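Notes follow the structure.
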Amino acid sequence: RLGAESLEDFAVSLARVCNEVGQELERRGHSSVGAFVVATLDSYHGHQPAAHLVRALVDTFPFTFDDRHMLCGQPIYLYKKAQLVVGELYHRFRGQDPRFAFEDGDALTAFIDNVICAVLRRYNAVCVSTSLKATIEQHK
């Protein structure tokens, strides 16, 4: 596909993520990402905003999670990848471990896949251009 990342580029990025995470965990004395997350949550002493864990992931693993973008020369901070990780932790563990019952967990970015987009388009909640509509309907 035009503009798609090559397999080699993907492999290089994946290796960089693995190296960054491994090196930073080792530097901080954590045996796993899970140990890092638990230690980070424990450092908040009961005040558990999801935004703090998002920030910790971005600050600790910037290549992996710092997905800011520039728009008209201004940085736009989304941190979608970090929010999705924290959101998964929130939904999976909030009922079992109070450290994951983030007070702002419902404000995290929602995971959006093609099914949600298709439903929103079907019920006219999202409008697309005529050319995009033709491309979608031709299954391209």
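In the structure tokens, the first chain shown is A, the next is B, and so on; residue numbers restart at 1 for each chain, and ligands run from 1 in the order shown.
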
*Spatial neighbours of stretch 77-88 of chain A, max dist 8 Å, only C-alpha atoms, sep filter under 2 positions, as an MDAnalysis selection string*: chainID A and resid 50 53:54 57:58 65:69 75 90:92 105 108:111

As an mmCIF file with all heavy atoms, in the first residue's frame, list the residues of chain A assigned to strand (DSSP E or B) by DSSP on the backbone atoms of this structure.
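See selection-v3.cif below for the written result:
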data_model
loop_
_atom_site.group_PDB
_atom_site.id
_atom_site.type_symbol
_atom_site.label_atom_id
_atom_site.label_comp_id
_atom_site.auth_asym_id
_atom_site.auth_seq_id
_atom_site.Cartn_x
_atom_site.Cartn_y
_atom_site.Cartn_z
ATOM 1 N N HIS A 69 1.809 15.086 18.225
ATOM 2 C CA HIS A 69 1.907 15.489 16.825
ATOM 3 C C HIS A 69 1.920 17.008 16.755
ATOM 4 O O HIS A 69 1.502 17.686 17.689
ATOM 5 C CB HIS A 69 0.733 14.914 16.025
ATOM 6 C CG HIS A 69 0.682 13.418 16.067
ATOM 7 N ND1 HIS A 69 1.454 12.628 15.257
ATOM 8 C CD2 HIS A 69 -0.026 12.569 16.845
ATOM 9 C CE1 HIS A 69 1.225 11.371 15.525
ATOM 10 N NE2 HIS A 69 0.325 11.305 16.491
ATOM 11 N N MET A 70 2.410 17.523 15.641
ATOM 12 C CA MET A 70 2.455 18.969 15.431
ATOM 13 C C MET A 70 1.328 19.365 14.475
ATOM 14 O O MET A 70 1.105 18.696 13.468
ATOM 15 C CB MET A 70 3.804 19.390 14.862
ATOM 16 C CG MET A 70 4.985 19.077 15.767
ATOM 17 S SD MET A 70 4.929 19.927 17.350
ATOM 18 C CE MET A 70 5.375 21.576 16.853
ATOM 19 N N LEU A 71 0.652 20.440 14.798
ATOM 20 C CA LEU A 71 -0.394 20.986 13.944
ATOM 21 C C LEU A 71 -0.203 22.489 13.904
ATOM 22 O O LEU A 71 -0.276 23.149 14.953
ATOM 23 C CB LEU A 71 -1.786 20.627 14.482
ATOM 24 C CG LEU A 71 -2.966 21.147 13.681
ATOM 25 C CD1 LEU A 71 -2.987 20.515 12.286
ATOM 26 C CD2 LEU A 71 -4.268 20.859 14.405
ATOM 27 N N GLN A 74 2.194 23.838 16.401
ATOM 28 C CA GLN A 74 1.877 23.662 17.816
ATOM 29 C C GLN A 74 1.781 22.172 18.146
ATOM 30 O O GLN A 74 1.192 21.411 17.378
ATOM 31 C CB GLN A 74 0.534 24.328 18.167
ATOM 32 C CG GLN A 74 0.527 25.823 17.987
ATOM 33 C CD GLN A 74 1.479 26.514 18.947
ATOM 34 O OE1 GLN A 74 1.529 26.209 20.124
ATOM 35 N NE2 GLN A 74 2.287 27.428 18.412
ATOM 36 N N PRO A 75 2.336 21.747 19.286
ATOM 37 C CA PRO A 75 2.233 20.325 19.646
ATOM 38 C C PRO A 75 0.812 19.970 20.092
ATOM 39 O O PRO A 75 0.153 20.742 20.790
ATOM 40 C CB PRO A 75 3.226 20.177 20.802
ATOM 41 C CG PRO A 75 3.330 21.548 21.385
ATOM 42 C CD PRO A 75 3.109 22.518 20.267
ATOM 43 N N ILE A 76 0.357 18.830 19.640
ATOM 44 C CA ILE A 76 -0.936 18.275 20.045
ATOM 45 C C ILE A 76 -0.629 16.996 20.827
ATOM 46 O O ILE A 76 -0.005 16.081 20.306
ATOM 47 C CB ILE A 76 -1.820 17.943 18.821
ATOM 48 C CG1 ILE A 76 -1.988 19.153 17.911
ATOM 49 C CG2 ILE A 76 -3.161 17.375 19.267
ATOM 50 C CD1 ILE A 76 -2.681 20.327 18.542
#

_Between atom CA of A:Gly22 and atom CA of A:Arg55, what is the distance in Å, rounded to a tenth?_
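Atom-to-atom, atom CA of A:Gly22 and atom CA of A:Arg55 are spaced 18.6 Å apart.
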
*Might you pull out every residue within 12 Å of A:Asp42, with only C-alpha atoms counted and same-chain residues fewer than 5 positions away left off, and present them as a PyMOL selection string?*
chain A and resi 35-37+47-48+52-53+97-100

Using N, CA, C and O atoms, can you write the selected residues to a file as a PDB file, in the first residue's frame?
ATOM      1  N   ALA A  35       5.545  -4.928  37.089  1.00  0.00           N
ATOM      2  CA  ALA A  35       6.189  -4.455  38.315  1.00  0.00           C
ATOM      3  C   ALA A  35       6.347  -2.940  38.294  1.00  0.00           C
ATOM      4  O   ALA A  35       6.149  -2.270  39.316  1.00  0.00           O
ATOM      5  N   PHE A  36       6.680  -2.383  37.130  1.00  0.00           N
ATOM      6  CA  PHE A  36       6.766  -0.925  36.991  1.00  0.00           C
ATOM      7  C   PHE A  36       5.414  -0.274  37.268  1.00  0.00           C
ATOM      8  O   PHE A  36       5.320   0.714  38.008  1.00  0.00           O
ATOM      9  N   VAL A  37       4.358  -0.818  36.684  1.00  0.00           N
ATOM     10  CA  VAL A  37       3.015  -0.250  36.859  1.00  0.00           C
ATOM     11  C   VAL A  37       2.612  -0.293  38.324  1.00  0.00           C
ATOM     12  O   VAL A  37       2.146   0.710  38.880  1.00  0.00           O
ATOM     13  N   HIS A  47      -4.195   8.016  45.951  1.00  0.00           N
ATOM     14  CA  HIS A  47      -4.784   8.949  44.981  1.00  0.00           C
ATOM     15  C   HIS A  47      -4.456   8.409  43.601  1.00  0.00           C
ATOM     16  O   HIS A  47      -3.307   8.449  43.183  1.00  0.00           O
ATOM     17  N   GLN A  48      -5.446   7.846  42.904  1.00  0.00           N
ATOM     18  CA  GLN A  48      -5.169   7.068  41.703  1.00  0.00           C
ATOM     19  C   GLN A  48      -5.753   7.646  40.425  1.00  0.00           C
ATOM     20  O   GLN A  48      -6.598   7.033  39.793  1.00  0.00           O
ATOM     21  N   HIS A  52      -2.146  10.174  35.805  1.00  0.00           N
ATOM     22  CA  HIS A  52      -0.786  10.069  36.353  1.00  0.00           C
ATOM     23  C   HIS A  52      -0.047   8.861  35.781  1.00  0.00           C
ATOM     24  O   HIS A  52       1.149   8.948  35.479  1.00  0.00           O
ATOM     25  N   LEU A  53      -0.763   7.746  35.634  1.00  0.00           N
ATOM     26  CA  LEU A  53      -0.120   6.557  35.067  1.00  0.00           C
ATOM     27  C   LEU A  53       0.162   6.768  33.577  1.00  0.00           C
ATOM     28  O   LEU A  53       1.215   6.359  33.082  1.00  0.00           O
ATOM     29  N   ASP A  97      -8.596  -4.918  42.233  1.00  0.00           N
ATOM     30  CA  ASP A  97      -7.493  -4.242  42.914  1.00  0.00           C
ATOM     31  C   ASP A  97      -7.786  -2.745  42.925  1.00  0.00           C
ATOM     32  O   ASP A  97      -7.857  -2.123  41.867  1.00  0.00           O
ATOM     33  N   PRO A  98      -7.984  -2.164  44.095  1.00  0.00           N
ATOM     34  CA  PRO A  98      -8.360  -0.744  44.161  1.00  0.00           C
ATOM     35  C   PRO A  98      -7.340   0.211  43.542  1.00  0.00           C
ATOM     36  O   PRO A  98      -7.697   1.325  43.172  1.00  0.00           O
ATOM     37  N   ARG A  99      -6.109  -0.236  43.365  1.00  0.00           N
ATOM     38  CA  ARG A  99      -5.114   0.634  42.720  1.00  0.00           C
ATOM     39  C   ARG A  99      -5.473   0.922  41.267  1.00  0.00           C
ATOM     40  O   ARG A  99      -5.039   1.919  40.701  1.00  0.00           O
ATOM     41  N   PHE A 100      -6.300   0.067  40.679  1.00  0.00           N
ATOM     42  CA  PHE A 100      -6.689   0.236  39.274  1.00  0.00           C
ATOM     43  C   PHE A 100      -8.077   0.865  39.118  1.00  0.00           C
ATOM     44  O   PHE A 100      -8.535   1.050  37.997  1.00  0.00           O
TER      45      PHE A 100
END

*How far is it from atom CA of A:Asp9 to atom CA of A:Ser31, in Å with one decimal?*
28.2 Å

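Proximity ranking of A:Leu7, A:Leu120, A:Val21, A:Ala107 relative to A:Asp59 places A:Val21 first, based on only C-alpha atoms.
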
*What is the atom CA of A:Val33-atom CA of A:Phe61 distance in Å, reported with one decimal?*
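Result for atom CA of A:Val33 versus atom CA of A:Phe61: 10.7 Å, one decimal.
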
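Nearest residue to A:Ala101 among A:Ile136, A:Gln23, A:Glu5, A:Leu89 is A:Leu89, counting only C-alpha atoms.
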
*asked:* I'd like to know which residues of stretch 62-111 of chain A are helix (DSSP H, G or I) (by DSSP, run on the backbone); could you write them as number ranges by chain?
replied: A: 62-65, 80-93, 98-100, 105-107

*May I have the residues within 12 Å of A:Arg121 as a ChimeraX atom specification, using only C-alpha atoms and disregarding those fewer than 5 positions away in the same chain?*
/A:114-116,126-129,132-133,136-137

Pull N, CA and C atoms from the residues just selected and write them as an mmCIF file, in the first residue's frame.
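Saved result, result_2.cif, follows:
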data_model
loop_
_atom_site.group_PDB
_atom_site.id
_atom_site.type_symbol
_atom_site.label_atom_id
_atom_site.label_comp_id
_atom_site.auth_asym_id
_atom_site.auth_seq_id
_atom_site.Cartn_x
_atom_site.Cartn_y
_atom_site.Cartn_z
ATOM 1 N N ASN A 114 -12.819 -0.590 13.528
ATOM 2 C CA ASN A 114 -13.599 -0.367 12.314
ATOM 3 C C ASN A 114 -15.096 -0.619 12.507
ATOM 4 N N VAL A 115 -15.470 -1.484 13.432
ATOM 5 C CA VAL A 115 -16.892 -1.769 13.655
ATOM 6 C C VAL A 115 -17.600 -0.537 14.215
ATOM 7 N N ILE A 116 -16.990 0.114 15.178
ATOM 8 C CA ILE A 116 -17.593 1.312 15.759
ATOM 9 C C ILE A 116 -17.727 2.397 14.697
ATOM 10 N N VAL A 126 -21.558 10.018 11.792
ATOM 11 C CA VAL A 126 -20.326 10.462 11.150
ATOM 12 C C VAL A 126 -20.602 10.565 9.656
ATOM 13 N N CYS A 127 -20.236 11.668 9.074
ATOM 14 C CA CYS A 127 -20.409 11.861 7.637
ATOM 15 C C CYS A 127 -19.044 11.809 6.965
ATOM 16 N N VAL A 128 -18.973 11.126 5.843
ATOM 17 C CA VAL A 128 -17.718 11.028 5.101
ATOM 18 C C VAL A 128 -17.904 11.645 3.726
ATOM 19 N N SER A 129 -16.793 12.006 3.115
ATOM 20 C CA SER A 129 -16.848 12.606 1.776
ATOM 21 C C SER A 129 -17.375 11.594 0.768
ATOM 22 N N LEU A 132 -14.650 9.119 -0.285
ATOM 23 C CA LEU A 132 -14.380 8.107 0.738
ATOM 24 C C LEU A 132 -15.530 7.111 0.814
ATOM 25 N N LYS A 133 -16.748 7.597 0.710
ATOM 26 C CA LYS A 133 -17.922 6.716 0.727
ATOM 27 C C LYS A 133 -17.832 5.701 -0.408
ATOM 28 N N ILE A 136 -15.173 3.087 0.415
ATOM 29 C CA ILE A 136 -15.663 2.141 1.431
ATOM 30 C C ILE A 136 -16.628 1.151 0.814
ATOM 31 N N GLU A 137 -17.543 1.644 0.007
ATOM 32 C CA GLU A 137 -18.565 0.766 -0.570
ATOM 33 C C GLU A 137 -17.996 -0.178 -1.624
#
